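What follows is a short report on a single structure.
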Amino acid sequence: MAEMEAVLGEFEGVQQRLLAALPNPGRLWVSGLTGRDRAVLLHGPRGVGKTSFMLRAAAETEGVYLSMDHPALAGLPLHEWVEHLFKRGKAHVYLDEVHHAKGWGLSLKALYDAWPDRHLWASGSSSLL
């Protein structure tokens with residue numbers, strides 16, 4: 001648990017650094033989505049703005065952004081990371097490059113079903129999405 005908290009603390013800093021580096025104004029990657037949308041799966045080619053869009057959405061909703069291709073997150077299943085955040089009271093979790101997480105599809109469905117009052121967004125550039 002302490003190791004998980006340390007990694008999540010590190011990612012808070014990563015989220016802030018990435019958000020600070022975004023150009024202003026941001027380009028409109030998609031319209032019509034709001035923080036009220038419970039589940040969203042963004043897919044598209046690299047470089048179109050998925051990460052920027054999710055970082056901005058996380059900032060607007062006080063959500064948590066995790067880049068699932070980061071080696072620090074490889075030690076635990078996706079389901080455990082997100083469930084831990086939900087249990088900590090986080091209402092919005094944003095998972096970038098989700099296809100890097102083993103069993104991501106099953107994990108997203110299980111989390112969506114088990115936490116009906118929480119919001120879970122995911123993105124990726126893989127054709128597996």
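Starting from 1 in every chain, residues are counted up; chains themselves are A, B, ... following the order of the structure tokens, and ligands are numbered from 1 as listed.
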Give me every strand (DSSP E or B) residue in range 9-117 of chain A, going by DSSP on the backbone, as a list in words.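 Reading the DSSP output for range 9-117 of chain A, strand (DSSP E or B) covers Ala39, Val40, Leu41, Leu42, His43, Val64, Tyr65, Leu66, Ser67, His92, Val93, Tyr94, Leu95 and Asp96 of chain A.
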Skip His79 in chain A itself and residues of its chain fewer than 3 positions away, then list as a PyMOL selection string all residues within 9 Å of it, counting only C-alpha atoms. chain A and resi 76+82-84+103-104+106-108+110-111
With N, CA and C atoms kept, could you save the residues just selected as a tab-separated table (two decimals), in the first residue's frame?
```
chain	number	residue	atom	x	y	z
A	76	LEU	N	1.42	-3.69	-10.82
A	76	LEU	CA	0.10	-4.09	-10.34
A	76	LEU	C	-0.90	-4.03	-11.49
A	82	VAL	N	-6.91	1.50	-10.21
A	82	VAL	CA	-8.13	2.31	-10.29
A	82	VAL	C	-9.01	2.09	-9.07
A	83	GLU	N	-9.16	0.85	-8.65
A	83	GLU	CA	-9.99	0.60	-7.48
A	83	GLU	C	-9.42	1.31	-6.24
A	84	HIS	N	-8.12	1.33	-6.10
A	84	HIS	CA	-7.49	2.05	-4.99
A	84	HIS	C	-7.84	3.54	-5.04
A	103	GLY	N	-4.93	-7.14	-19.73
A	103	GLY	CA	-6.33	-7.37	-19.41
A	103	GLY	C	-7.15	-6.10	-19.27
A	104	TRP	N	-6.76	-5.06	-20.00
A	104	TRP	CA	-7.40	-3.77	-19.83
A	104	TRP	C	-8.90	-3.78	-20.12
A	106	LEU	N	-11.20	-6.23	-19.82
A	106	LEU	CA	-11.94	-6.85	-18.72
A	106	LEU	C	-11.91	-5.97	-17.48
A	107	SER	N	-10.76	-5.35	-17.22
A	107	SER	CA	-10.64	-4.47	-16.06
A	107	SER	C	-11.57	-3.27	-16.17
A	108	LEU	N	-11.61	-2.63	-17.34
A	108	LEU	CA	-12.49	-1.47	-17.51
A	108	LEU	C	-13.95	-1.84	-17.31
A	110	ALA	N	-15.18	-4.39	-15.56
A	110	ALA	CA	-15.42	-4.72	-14.15
A	110	ALA	C	-15.51	-3.46	-13.30
A	111	LEU	N	-14.63	-2.50	-13.55
A	111	LEU	CA	-14.65	-1.24	-12.80
A	111	LEU	C	-15.92	-0.44	-13.09
```
Counting only C-alpha atoms, the option among A:Phe11, A:Tyr94, A:Tyr112, A:Trp81 closest to Ala57 in chain A: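 Selected residue with least distance to Ala57 in chain A: A:Tyr94.
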Nearest-residue call for His99 in chain A, choices A:Ala6, A:Met68, A:Asp113, A:Glu12, using only C-alpha atoms: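 Checking each of A:Ala6, A:Met68, A:Asp113, A:Glu12 against His99 in chain A, counting only C-alpha atoms, the winner is A:Met68.
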Counting only C-alpha atoms, which of A:His100, A:Arg46, A:Pro116, A:Met1 gets nearest to Glu80 in chain A? A:Met1
Residues within 10 Å of Gly47 in chain A, please, as a ChimeraX atom specification. Count only C-alpha atoms; anything in the same chain fewer than 4 positions from it doesn't count. /A:51-52,125
Would you mind listing what lies within 10 Å of Asp96 in chain A as a list in words, with only C-alpha atoms counted and same-chain residues fewer than 5 positions away left out?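 Contacts, in chain order: Leu41, Leu42, Lys50, Thr51, Met54, Leu55, Tyr65, Leu66, Ser67, Met68, Asp69, His70, Trp121, Ala122, Ser123, Gly124 and Ser125 of chain A.
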Top pick for closest residue to Ala58 in chain A, considering A:Ala2, A:Val7, A:Leu95, A:Leu78 and counting only C-alpha atoms: A:Leu95
